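First the structure, in the form of structure tokens, and then the observations on it.
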Amino acid sequence: MQGASGLETLLTEREAASVLQVSLTSVRRWRREGRGPVYRKIGRSVRYRQDDLADFVASARCMETGWRSRRLSA
């Protein structure tokens, strides 16, 4: 998505958390642990692209929890 200036619109941490439907604390923890969505640092600010959030959600897709497969093989 591009803004009026022609630059891509970047989301704040809070906006990214809202899009992902998780807490701001979760987004910050994931970033600190290196397992969250790709982000950009602009000065001291952290920003996210919509496409990077969509990619993060797509990569988190699970077919099963593992519990079911362990239970069925027992």
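For the structure tokens, the naming scheme is as follows: chains receive sequential letters (A, B, ...) according to their order of presentation, residues are indexed from 1 within each chain, and ligands are indexed from 1 in presentation order.
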
Might you pull out every residue within 8 Å of stretch 13-21 of chain A, with only C-alpha atoms counted and same-chain residues fewer than 5 positions away left off, and present them as a ChimeraX atom specification?
/A:26-28,46-48,53,57

For the selection you just gave me, I'd like the residues written to a file as a short mmCIF file (atom, residue, chain, number, x, y, z; two decimals), in the first residue's frame, keeping N, CA and C atoms.
```
data_model
loop_
_atom_site.label_atom_id
_atom_site.label_comp_id
_atom_site.auth_asym_id
_atom_site.auth_seq_id
_atom_site.Cartn_x
_atom_site.Cartn_y
_atom_site.Cartn_z
N SER A 26 3.56 -8.99 22.77
CA SER A 26 3.92 -10.16 21.96
C SER A 26 4.76 -9.75 20.76
N VAL A 27 4.36 -8.69 20.07
CA VAL A 27 5.11 -8.22 18.90
C VAL A 27 6.52 -7.84 19.31
N ARG A 28 6.66 -7.15 20.42
CA ARG A 28 7.99 -6.74 20.90
C ARG A 28 8.83 -7.95 21.31
N VAL A 46 10.30 1.65 15.19
CA VAL A 46 10.14 0.36 14.53
C VAL A 46 8.88 0.44 13.67
N ARG A 47 9.01 0.00 12.40
CA ARG A 47 7.87 0.05 11.48
C ARG A 47 7.75 -1.27 10.73
N TYR A 48 6.53 -1.59 10.33
CA TYR A 48 6.23 -2.83 9.62
C TYR A 48 5.51 -2.54 8.31
N LEU A 53 3.77 -8.40 7.20
CA LEU A 53 2.85 -8.99 8.18
C LEU A 53 2.08 -10.14 7.55
N VAL A 57 2.14 -14.13 8.71
CA VAL A 57 0.94 -14.93 9.01
C VAL A 57 0.93 -16.18 8.12
#
```

Quick one: DSSP strand (DSSP E or B) residues in chain A, as a ChimeraX atom specification?
/A:2,8,10-11,40-42,45-49

Export of prior selection with N, CA and C atoms as a PDB file, in the first residue's frame:
```
ATOM      1  N   GLN A   2       0.586   2.211  -0.830  1.00  0.00           N
ATOM      2  CA  GLN A   2       1.396   3.419  -0.902  1.00  0.00           C
ATOM      3  C   GLN A   2       0.595   4.624  -0.435  1.00  0.00           C
ATOM      4  N   GLU A   8       5.756   3.676   0.444  1.00  0.00           N
ATOM      5  CA  GLU A   8       4.937   2.626   1.031  1.00  0.00           C
ATOM      6  C   GLU A   8       4.520   3.021   2.447  1.00  0.00           C
ATOM      7  N   LEU A  10       3.918   2.550   6.178  1.00  0.00           N
ATOM      8  CA  LEU A  10       4.482   1.697   7.214  1.00  0.00           C
ATOM      9  C   LEU A  10       3.618   1.776   8.459  1.00  0.00           C
ATOM     10  N   LEU A  11       3.494   0.657   9.149  1.00  0.00           N
ATOM     11  CA  LEU A  11       2.671   0.574  10.349  1.00  0.00           C
ATOM     12  C   LEU A  11       3.534   0.658  11.604  1.00  0.00           C
ATOM     13  N   ARG A  40      11.368  -2.692  10.060  1.00  0.00           N
ATOM     14  CA  ARG A  40      12.327  -1.657   9.676  1.00  0.00           C
ATOM     15  C   ARG A  40      12.572  -0.752  10.870  1.00  0.00           C
ATOM     16  N   LYS A  41      13.807  -0.309  11.019  1.00  0.00           N
ATOM     17  CA  LYS A  41      14.150   0.685  12.036  1.00  0.00           C
ATOM     18  C   LYS A  41      14.394   1.996  11.315  1.00  0.00           C
ATOM     19  N   ILE A  42      13.638   3.000  11.667  1.00  0.00           N
ATOM     20  CA  ILE A  42      13.806   4.340  11.115  1.00  0.00           C
ATOM     21  C   ILE A  42      14.135   5.223  12.317  1.00  0.00           C
ATOM     22  N   SER A  45      12.495   4.416  15.731  1.00  0.00           N
ATOM     23  CA  SER A  45      11.144   3.875  15.532  1.00  0.00           C
ATOM     24  C   SER A  45      11.180   2.548  14.799  1.00  0.00           C
ATOM     25  N   VAL A  46      10.296   1.653  15.191  1.00  0.00           N
ATOM     26  CA  VAL A  46      10.139   0.357  14.529  1.00  0.00           C
ATOM     27  C   VAL A  46       8.882   0.441  13.667  1.00  0.00           C
ATOM     28  N   ARG A  47       9.007   0.000  12.402  1.00  0.00           N
ATOM     29  CA  ARG A  47       7.872   0.047  11.481  1.00  0.00           C
ATOM     30  C   ARG A  47       7.752  -1.270  10.730  1.00  0.00           C
ATOM     31  N   TYR A  48       6.529  -1.591  10.326  1.00  0.00           N
ATOM     32  CA  TYR A  48       6.235  -2.832   9.615  1.00  0.00           C
ATOM     33  C   TYR A  48       5.509  -2.541   8.309  1.00  0.00           C
ATOM     34  N   ARG A  49       5.826  -3.319   7.264  1.00  0.00           N
ATOM     35  CA  ARG A  49       5.092  -3.268   6.003  1.00  0.00           C
ATOM     36  C   ARG A  49       3.929  -4.246   6.083  1.00  0.00           C
TER      37      ARG A  49
END
```

May I ask for the distance between atom CA of A:Tyr39 and atom CA of A:Thr12, given in Å to one decimal place?
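The value is 9.9 Å.
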
Counting only C-alpha atoms, the residue among A:Gly43, A:Val38, A:Glu33, A:Leu24 that lies closest to A:Ser59 is A:Val38

Would you please work out which residue, of A:Arg29, A:Glu64, A:Val22, A:Thr9, is nearest to A:Asp51 when using only C-alpha atoms?
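For A:Asp51, the nearest of the candidates is A:Thr9.
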